[in-house]
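Chemist: Sharing data-v5.cif here; it has mmCIF, C-alpha atoms.
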```cif
data_protein
loop_
_atom_site.group_PDB
_atom_site.id
_atom_site.type_symbol
_atom_site.label_atom_id
_atom_site.label_comp_id
_atom_site.auth_asym_id
_atom_site.auth_seq_id
_atom_site.Cartn_x
_atom_site.Cartn_y
_atom_site.Cartn_z
ATOM 1 C CA MET A 1 0.000 0.000 0.000
ATOM 2 C CA ARG A 2 2.774 2.439 0.921
ATOM 3 C CA ARG A 3 4.640 1.710 -2.310
ATOM 4 C CA SER A 4 1.575 2.395 -4.504
ATOM 5 C CA LEU A 5 0.750 5.575 -2.544
ATOM 6 C CA ALA A 6 4.320 6.805 -2.953
ATOM 7 C CA ALA A 7 4.252 5.975 -6.673
ATOM 8 C CA ALA A 8 0.941 7.813 -7.073
ATOM 9 C CA LEU A 9 2.378 10.831 -5.252
ATOM 10 C CA VAL A 10 5.408 10.872 -7.584
ATOM 11 C CA VAL A 11 3.122 10.716 -10.635
ATOM 12 C CA ILE A 12 0.957 13.570 -9.350
ATOM 13 C CA LEU A 13 3.964 15.734 -8.494
ATOM 14 C CA SER A 14 5.618 14.971 -11.828
ATOM 15 C CA ALA A 15 2.454 15.847 -13.713
ATOM 16 C CA GLY A 16 2.292 19.148 -11.849
ATOM 17 C CA ILE A 17 5.837 19.999 -12.862
ATOM 18 C CA VAL A 18 5.684 18.811 -16.470
ATOM 19 C CA ALA A 19 2.206 20.002 -17.474
ATOM 20 C CA PRO A 20 2.898 23.766 -17.348
ATOM 21 C CA ALA A 21 6.011 23.401 -19.540
ATOM 22 C CA LEU A 22 4.103 21.369 -22.126
ATOM 23 C CA ALA A 23 1.201 23.829 -22.112
ATOM 24 C CA GLN A 24 3.630 26.562 -23.226
ATOM 25 C CA GLN A 25 4.544 24.728 -26.447
ATOM 26 C CA PRO A 26 2.607 25.801 -29.543
ATOM 27 C CA ASP A 27 0.436 23.250 -31.311
ATOM 28 C CA ILE A 28 2.141 23.468 -34.701
ATOM 29 C CA GLY A 29 -0.415 21.233 -36.421
ATOM 30 C CA ARG A 30 -3.272 23.466 -35.289
ATOM 31 C CA ILE A 31 -1.379 26.586 -36.343
ATOM 32 C CA GLN A 32 -0.644 25.098 -39.781
ATOM 33 C CA LYS A 33 -4.303 24.225 -40.348
ATOM 34 C CA ARG A 34 -5.485 27.634 -39.169
ATOM 35 C CA VAL A 35 -3.069 29.523 -41.448
ATOM 36 C CA LEU A 36 -4.052 27.273 -44.364
ATOM 37 C CA LYS A 37 -7.738 28.007 -43.714
ATOM 38 C CA LEU A 38 -7.136 31.768 -43.563
ATOM 39 C CA VAL A 39 -4.974 31.771 -46.710
ATOM 40 C CA ASN A 40 -7.591 29.724 -48.558
ATOM 41 C CA GLN A 41 -10.338 32.120 -47.466
ATOM 42 C CA GLN A 42 -8.383 34.943 -49.095
ATOM 43 C CA ARG A 43 -7.782 32.871 -52.220
ATOM 44 C CA SER A 44 -11.483 32.025 -52.442
ATOM 45 C CA LEU A 45 -12.423 35.714 -52.288
ATOM 46 C CA LYS A 46 -10.186 36.278 -55.318
ATOM 47 C CA GLY A 47 -11.465 33.245 -57.244
ATOM 48 C CA GLN A 48 -8.331 31.107 -56.718
ATOM 49 C CA ARG A 49 -8.254 27.370 -55.981
ATOM 50 C CA PRO A 50 -7.462 26.327 -52.415
ATOM 51 C CA LEU A 51 -3.985 25.202 -51.434
ATOM 52 C CA VAL A 52 -3.260 21.958 -49.592
ATOM 53 C CA LEU A 53 -0.722 21.396 -46.831
ATOM 54 C CA ASP A 54 2.389 19.476 -47.801
ATOM 55 C CA ASP A 55 4.459 17.802 -45.064
ATOM 56 C CA ARG A 56 7.754 18.535 -46.819
ATOM 57 C CA LEU A 57 6.935 22.226 -47.160
ATOM 58 C CA ASN A 58 5.788 22.230 -43.521
ATOM 59 C CA ARG A 59 9.210 20.850 -42.530
ATOM 60 C CA ALA A 60 11.054 23.456 -44.617
ATOM 61 C CA ALA A 61 8.936 26.300 -43.226
ATOM 62 C CA GLN A 62 9.165 25.079 -39.636
ATOM 63 C CA ALA A 63 12.933 24.660 -39.804
ATOM 64 C CA HIS A 64 13.372 28.217 -41.079
ATOM 65 C CA ALA A 65 11.017 29.717 -38.465
ATOM 66 C CA GLU A 66 12.884 27.859 -35.707
ATOM 67 C CA ASN A 67 16.246 28.924 -37.122
ATOM 68 C CA MET A 68 15.184 32.593 -37.138
ATOM 69 C CA ALA A 69 13.871 32.362 -33.563
ATOM 70 C CA LYS A 70 16.959 30.561 -32.285
ATOM 71 C CA ARG A 71 19.567 32.671 -34.083
ATOM 72 C CA ASP A 72 17.736 36.016 -33.873
ATOM 73 C CA PHE A 73 17.590 36.933 -37.550
ATOM 74 C CA PHE A 74 14.743 37.785 -39.886
ATOM 75 C CA ASP A 75 15.537 37.189 -43.539
ATOM 76 C CA HIS A 76 14.738 34.959 -46.487
ATOM 77 C CA GLN A 77 18.422 34.054 -46.599
ATOM 78 C CA ALA A 78 19.564 32.003 -43.617
ATOM 79 C CA PRO A 79 23.008 32.558 -42.088
ATOM 80 C CA ASP A 80 24.234 29.434 -43.942
ATOM 81 C CA GLY A 81 23.329 31.178 -47.230
ATOM 82 C CA SER A 82 20.327 28.966 -47.976
ATOM 83 C CA GLN A 83 17.229 30.358 -49.650
ATOM 84 C CA VAL A 84 13.690 28.972 -49.758
ATOM 85 C CA ALA A 85 14.477 26.798 -52.806
ATOM 86 C CA ASP A 86 17.421 25.221 -50.977
ATOM 87 C CA ARG A 87 15.337 24.534 -47.882
ATOM 88 C CA ALA A 88 12.516 22.979 -49.946
ATOM 89 C CA VAL A 89 14.945 20.650 -51.715
ATOM 90 C CA ARG A 90 16.572 19.766 -48.383
ATOM 91 C CA ALA A 91 13.102 18.790 -47.105
ATOM 92 C CA GLY A 92 12.595 16.540 -50.147
ATOM 93 C CA TYR A 93 10.190 18.757 -52.104
ATOM 94 C CA PRO A 94 10.707 18.541 -55.916
ATOM 95 C CA TRP A 95 9.466 21.978 -56.935
ATOM 96 C CA ARG A 96 8.808 23.701 -60.224
ATOM 97 C CA LEU A 97 7.601 26.890 -58.504
ATOM 98 C CA ILE A 98 8.456 28.026 -54.980
ATOM 99 C CA GLY A 99 7.800 31.144 -52.895
ATOM 100 C CA GLU A 100 8.031 32.248 -49.299
ATOM 101 C CA ASN A 101 6.400 34.757 -46.959
ATOM 102 C CA LEU A 102 7.984 35.666 -43.638
ATOM 103 C CA ALA A 103 6.648 37.636 -40.707
ATOM 104 C CA ALA A 104 7.828 38.430 -37.206
ATOM 105 C CA GLY A 105 6.069 39.875 -34.221
ATOM 106 C CA HIS A 106 2.487 38.878 -35.070
ATOM 107 C CA SER A 107 1.038 36.844 -32.220
ATOM 108 C CA SER A 108 -1.878 35.211 -34.066
ATOM 109 C CA GLU A 109 -2.611 33.389 -37.293
ATOM 110 C CA ARG A 110 -5.206 35.991 -38.288
ATOM 111 C CA GLY A 111 -2.798 38.840 -37.589
ATOM 112 C CA VAL A 112 -0.040 37.374 -39.708
ATOM 113 C CA VAL A 113 -2.313 36.555 -42.667
ATOM 114 C CA ASN A 114 -3.878 40.029 -42.512
ATOM 115 C CA GLY A 115 -0.385 41.521 -42.453
ATOM 116 C CA TRP A 116 0.569 39.588 -45.568
ATOM 117 C CA MET A 117 -2.612 40.693 -47.316
ATOM 118 C CA ILE A 118 -1.740 44.389 -46.974
ATOM 119 C CA SER A 119 1.747 43.873 -48.413
ATOM 120 C CA PRO A 120 1.607 43.672 -52.241
ATOM 121 C CA ALA A 121 4.460 41.139 -52.656
ATOM 122 C CA HIS A 122 3.180 38.885 -49.860
ATOM 123 C CA ARG A 123 -0.391 39.125 -51.132
ATOM 124 C CA ASP A 124 0.810 38.190 -54.637
ATOM 125 C CA ASN A 125 2.379 35.002 -53.248
ATOM 126 C CA MET A 126 -0.767 34.118 -51.297
ATOM 127 C CA LEU A 127 -3.021 34.601 -54.312
ATOM 128 C CA ALA A 128 -0.753 33.280 -57.078
ATOM 129 C CA PRO A 129 -2.815 30.855 -59.179
ATOM 130 C CA ASP A 130 0.135 28.572 -59.972
ATOM 131 C CA PHE A 131 0.825 27.614 -56.356
ATOM 132 C CA THR A 132 -0.979 24.449 -55.272
ATOM 133 C CA GLU A 133 0.626 23.544 -51.937
ATOM 134 C CA LEU A 134 1.621 25.251 -48.734
ATOM 135 C CA GLY A 135 3.863 24.703 -45.738
ATOM 136 C CA VAL A 136 3.623 26.670 -42.502
ATOM 137 C CA GLY A 137 6.222 27.254 -39.817
ATOM 138 C CA TYR A 138 5.864 29.070 -36.508
ATOM 139 C CA ALA A 139 8.357 29.445 -33.675
ATOM 140 C CA ARG A 140 8.831 31.347 -30.464
ATOM 141 C CA PRO A 141 12.268 31.979 -29.004
ATOM 142 C CA SER A 142 13.399 29.986 -26.014
ATOM 143 C CA PRO A 143 12.897 31.847 -22.726
ATOM 144 C CA GLU A 144 16.494 31.050 -21.742
ATOM 145 C CA GLY A 145 19.407 33.265 -22.700
ATOM 146 C CA ARG A 146 19.371 36.429 -24.765
ATOM 147 C CA GLN A 147 15.965 37.550 -25.960
ATOM 148 C CA PRO A 148 15.656 38.113 -29.709
ATOM 149 C CA LYS A 149 14.042 41.165 -31.270
ATOM 150 C CA TYR A 150 10.727 39.403 -31.967
ATOM 151 C CA GLY A 151 8.596 37.039 -29.923
ATOM 152 C CA HIS A 152 6.973 35.240 -32.881
ATOM 153 C CA TYR A 153 8.478 34.037 -36.183
ATOM 154 C CA TRP A 154 6.374 32.875 -39.142
ATOM 155 C CA THR A 155 7.345 31.221 -42.412
ATOM 156 C CA VAL A 156 4.976 30.140 -45.164
ATOM 157 C CA VAL A 157 6.356 28.277 -48.167
ATOM 158 C CA PHE A 158 4.209 28.118 -51.304
ATOM 159 C CA GLY A 159 4.937 25.465 -53.870
ATOM 160 C CA ALA A 160 3.966 23.733 -57.051
ATOM 161 C CA PRO A 161 5.614 20.328 -57.443
ATOM 162 C CA ALA A 162 7.731 19.360 -60.415
ATOM 163 C CA ARG A 163 5.728 17.406 -62.960
#
```
Take the structure I supplied and represent it as structure tokens, if you would.
Modeler:
Amino acid sequence: MRRSLAAALVVILSAGIVAPALAQQPDIGRIQKRVLKLVNQQRSLKGQRPLVLDDRLNRAAQAHAENMAKRDFFDHQAPDGSQVADRAVRAGYPWRLIGENLAAGHSSERGVVNGWMISPAHRDNMLAPDFTELGVGYARPSPEGRQPKYGHYWTVVFGAPAR
């Protein structure tokens, strides 16, 4: 009886310590679906076909968002010199058309998509009829160490696969 009570106490205490840390982590899958829905709403308003999520583009976008958050930079070119096309190929995506939108500072999916819609170049990517697939990345900087300039980093990669 004592052993099972002690084990139960350890489980309860562990859950109390672990749960808050896990609650802080963003649900990337939910964020990806929400951004996709918002982008497709904009495309629909302009008579464009909806995009579909692609796991490889999600990986490329997520890696770049995490890299920007970790290394405190905001640019289409990563410190290693890679561009969106390089990152898509690295993720295994055989593209014939590729594009990328970045944002930093927006704290919500709606805010970031609205921000892209008021920027002509970003809006053009979102509404381009030749894109068929999408990948979404979102990252927040780690609370440890030096704090970067922005608290939220977003990457969206638009693609059309090679035929």
Chemist: Taking the point (17.9, 36.9, -37.3) as given in the file, collect each protein or nucleic acid residue that comes within 12 Å of it, counting all atoms listed in the file, and present the set as an mmCIF file with C-alpha atoms, keeping the file's coordinate frame.
Modeler:
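Output saved as selection06.cif:
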```
data_model
loop_
_atom_site.group_PDB
_atom_site.id
_atom_site.type_symbol
_atom_site.label_atom_id
_atom_site.label_comp_id
_atom_site.auth_asym_id
_atom_site.auth_seq_id
_atom_site.Cartn_x
_atom_site.Cartn_y
_atom_site.Cartn_z
ATOM 1 C CA HIS A 64 13.372 28.217 -41.079
ATOM 2 C CA ALA A 65 11.017 29.717 -38.465
ATOM 3 C CA GLU A 66 12.884 27.859 -35.707
ATOM 4 C CA ASN A 67 16.246 28.924 -37.122
ATOM 5 C CA MET A 68 15.184 32.593 -37.138
ATOM 6 C CA ALA A 69 13.871 32.362 -33.563
ATOM 7 C CA LYS A 70 16.959 30.561 -32.285
ATOM 8 C CA ARG A 71 19.567 32.671 -34.083
ATOM 9 C CA ASP A 72 17.736 36.016 -33.873
ATOM 10 C CA PHE A 73 17.590 36.933 -37.550
ATOM 11 C CA PHE A 74 14.743 37.785 -39.886
ATOM 12 C CA ASP A 75 15.537 37.189 -43.539
ATOM 13 C CA HIS A 76 14.738 34.959 -46.487
ATOM 14 C CA GLN A 77 18.422 34.054 -46.599
ATOM 15 C CA ALA A 78 19.564 32.003 -43.617
ATOM 16 C CA PRO A 79 23.008 32.558 -42.088
ATOM 17 C CA ASP A 80 24.234 29.434 -43.942
ATOM 18 C CA LEU A 102 7.984 35.666 -43.638
ATOM 19 C CA ALA A 103 6.648 37.636 -40.707
ATOM 20 C CA ALA A 104 7.828 38.430 -37.206
ATOM 21 C CA PRO A 141 12.268 31.979 -29.004
ATOM 22 C CA GLN A 147 15.965 37.550 -25.960
ATOM 23 C CA PRO A 148 15.656 38.113 -29.709
ATOM 24 C CA LYS A 149 14.042 41.165 -31.270
ATOM 25 C CA TYR A 150 10.727 39.403 -31.967
ATOM 26 C CA GLY A 151 8.596 37.039 -29.923
ATOM 27 C CA HIS A 152 6.973 35.240 -32.881
ATOM 28 C CA TYR A 153 8.478 34.037 -36.183
#
```
Chemist: Can you work out which one of A:Pro143, A:Gly137, A:Gly111, A:Gly159 has the shortest atom-to-atom distance to Ile28 (chain A), counting all atoms listed in the file?
Modeler: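 Nearest candidate to Ile28 (chain A) out of A:Pro143, A:Gly137, A:Gly111, A:Gly159: A:Gly137.
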Chemist: Just checking: using all atoms listed in the file, which residue out of A:Met117, A:Tyr93, A:Arg140, A:Leu127 ends up closest to Arg163 (chain A)?
Modeler: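 Closest residue, counting all atoms listed in the file: A:Tyr93.
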Chemist: Taking the file as shown, what set of residues would the PyMOL selection byres ((chain A and resi 100) around 8) give back, as an MDAnalysis selection string?
Modeler: chainID A and resid 76 84 98:99 101:102 125 155:158
Chemist: On this file, the PyMOL selection byres ((chain A and resi 129) around 10) gives some set of residues; write that set as a list in words.
Modeler: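 Applied to this file, the PyMOL selection byres ((chain A and resi 129) around 10) returns Arg43, Lys46, Gly47, Gln48, Arg49, Pro50, Leu51, Asp124, Asn125, Met126, Leu127, Ala128, Asp130, Phe131 and Thr132 of chain A.
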Chemist: Quick one: residues within 8 Å of Ala88 (chain A), only C-alpha atoms counted, chain neighbours fewer than 5 positions away excluded, as a PDB file with C-alpha atoms, keeping the file's coordinate frame?
Modeler:
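Once everything was written out, this is part.pdb:
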```
ATOM      1  CA  ARG A  56       7.754  18.535 -46.819  1.00  0.00           C
ATOM      2  CA  LEU A  57       6.935  22.226 -47.160  1.00  0.00           C
ATOM      3  CA  ALA A  60      11.054  23.456 -44.617  1.00  0.00           C
ATOM      4  CA  TYR A  93      10.190  18.757 -52.104  1.00  0.00           C
ATOM      5  CA  PRO A  94      10.707  18.541 -55.916  1.00  0.00           C
ATOM      6  CA  TRP A  95       9.466  21.978 -56.935  1.00  0.00           C
TER       7      TRP A  95
END
```
Chemist: At what distance in Å, to one decimal, does CA of Asp86 (chain A) lie from CA of Arg146 (chain A)?
Modeler: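 Result for CA of Arg146 (chain A) versus CA of Asp86 (chain A): 28.6 Å, one decimal.
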Chemist: To one decimal place in Å, what is the distance between CA of Val113 (chain A) and CA of Asp54 (chain A)?
Modeler: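 Spanning CA of Val113 (chain A) to CA of Asp54 (chain A) is a straight-line distance of 18.4 Å.
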Chemist: Restore N, CA and C atoms in region 54-82 of chain A and list the result as an mmCIF file, keeping the file's coordinate frame.
Modeler:
```cif
data_model
loop_
_atom_site.group_PDB
_atom_site.id
_atom_site.type_symbol
_atom_site.label_atom_id
_atom_site.label_comp_id
_atom_site.auth_asym_id
_atom_site.auth_seq_id
_atom_site.Cartn_x
_atom_site.Cartn_y
_atom_site.Cartn_z
ATOM 1 N N ASP A 54 1.430 20.500 -47.405
ATOM 2 C CA ASP A 54 2.389 19.476 -47.801
ATOM 3 C C ASP A 54 3.374 19.300 -46.650
ATOM 4 N N ASP A 55 3.573 18.074 -46.205
ATOM 5 C CA ASP A 55 4.459 17.802 -45.064
ATOM 6 C C ASP A 55 5.886 18.262 -45.305
ATOM 7 N N ARG A 56 6.371 18.120 -46.526
ATOM 8 C CA ARG A 56 7.754 18.535 -46.819
ATOM 9 C C ARG A 56 7.890 20.049 -46.740
ATOM 10 N N LEU A 57 6.899 20.764 -47.264
ATOM 11 C CA LEU A 57 6.935 22.226 -47.160
ATOM 12 C C LEU A 57 6.736 22.673 -45.719
ATOM 13 N N ASN A 58 5.917 21.944 -44.958
ATOM 14 C CA ASN A 58 5.788 22.230 -43.521
ATOM 15 C C ASN A 58 7.146 22.106 -42.836
ATOM 16 N N ARG A 59 7.890 21.049 -43.151
ATOM 17 C CA ARG A 59 9.210 20.850 -42.530
ATOM 18 C C ARG A 59 10.166 21.981 -42.901
ATOM 19 N N ALA A 60 10.168 22.369 -44.172
ATOM 20 C CA ALA A 60 11.054 23.456 -44.617
ATOM 21 C C ALA A 60 10.682 24.763 -43.921
ATOM 22 N N ALA A 61 9.396 25.064 -43.863
ATOM 23 C CA ALA A 61 8.936 26.300 -43.226
ATOM 24 C C ALA A 61 9.220 26.290 -41.730
ATOM 25 N N GLN A 62 8.949 25.173 -41.078
ATOM 26 C CA GLN A 62 9.165 25.079 -39.636
ATOM 27 C C GLN A 62 10.643 25.210 -39.292
ATOM 28 N N ALA A 63 11.491 24.574 -40.064
ATOM 29 C CA ALA A 63 12.933 24.660 -39.804
ATOM 30 C C ALA A 63 13.426 26.100 -39.920
ATOM 31 N N HIS A 64 12.923 26.832 -40.906
ATOM 32 C CA HIS A 64 13.372 28.217 -41.079
ATOM 33 C C HIS A 64 12.833 29.106 -39.959
ATOM 34 N N ALA A 65 11.567 28.929 -39.574
ATOM 35 C CA ALA A 65 11.017 29.717 -38.465
ATOM 36 C C ALA A 65 11.804 29.456 -37.176
ATOM 37 N N GLU A 66 12.111 28.197 -36.908
ATOM 38 C CA GLU A 66 12.884 27.859 -35.707
ATOM 39 C C GLU A 66 14.295 28.428 -35.776
ATOM 40 N N ASN A 67 14.903 28.386 -36.948
ATOM 41 C CA ASN A 67 16.246 28.924 -37.122
ATOM 42 C C ASN A 67 16.249 30.428 -36.853
ATOM 43 N N MET A 68 15.253 31.145 -37.382
ATOM 44 C CA MET A 68 15.184 32.593 -37.138
ATOM 45 C C MET A 68 14.998 32.888 -35.659
ATOM 46 N N ALA A 69 14.114 32.134 -34.988
ATOM 47 C CA ALA A 69 13.871 32.362 -33.563
ATOM 48 C C ALA A 69 15.105 32.050 -32.725
ATOM 49 N N LYS A 70 15.790 30.990 -33.060
ATOM 50 C CA LYS A 70 16.959 30.561 -32.285
ATOM 51 C C LYS A 70 18.154 31.482 -32.497
ATOM 52 N N ARG A 71 18.355 31.910 -33.749
ATOM 53 C CA ARG A 71 19.567 32.671 -34.083
ATOM 54 C C ARG A 71 19.316 34.169 -34.191
ATOM 55 N N ASP A 72 18.095 34.600 -33.901
ATOM 56 C CA ASP A 72 17.736 36.016 -33.873
ATOM 57 C C ASP A 72 18.070 36.745 -35.181
ATOM 58 N N PHE A 73 17.506 36.226 -36.272
ATOM 59 C CA PHE A 73 17.590 36.933 -37.550
ATOM 60 C C PHE A 73 16.230 36.864 -38.213
ATOM 61 N N PHE A 74 16.012 37.749 -39.164
ATOM 62 C CA PHE A 74 14.743 37.785 -39.886
ATOM 63 C C PHE A 74 15.067 38.086 -41.343
ATOM 64 N N ASP A 75 15.114 37.021 -42.154
ATOM 65 C CA ASP A 75 15.537 37.189 -43.539
ATOM 66 C C ASP A 75 15.177 35.932 -44.325
ATOM 67 N N HIS A 76 14.976 36.116 -45.615
ATOM 68 C CA HIS A 76 14.738 34.959 -46.487
ATOM 69 C C HIS A 76 16.011 34.136 -46.656
ATOM 70 N N GLN A 77 17.155 34.783 -46.521
ATOM 71 C CA GLN A 77 18.422 34.054 -46.599
ATOM 72 C C GLN A 77 18.884 33.728 -45.184
ATOM 73 N N ALA A 78 19.084 32.446 -44.929
ATOM 74 C CA ALA A 78 19.564 32.003 -43.617
ATOM 75 C C ALA A 78 21.056 32.304 -43.484
ATOM 76 N N PRO A 79 21.577 32.310 -42.279
ATOM 77 C CA PRO A 79 23.008 32.558 -42.088
ATOM 78 C C PRO A 79 23.919 31.590 -42.860
ATOM 79 N N ASP A 80 23.419 30.379 -43.161
ATOM 80 C CA ASP A 80 24.234 29.434 -43.942
ATOM 81 C C ASP A 80 24.169 29.731 -45.441
ATOM 82 N N GLY A 81 23.444 30.793 -45.828
ATOM 83 C CA GLY A 81 23.329 31.178 -47.230
ATOM 84 C C GLY A 81 22.157 30.548 -47.956
ATOM 85 N N SER A 82 21.429 29.649 -47.295
ATOM 86 C CA SER A 82 20.327 28.966 -47.976
ATOM 87 C C SER A 82 19.140 29.896 -48.191
#
```
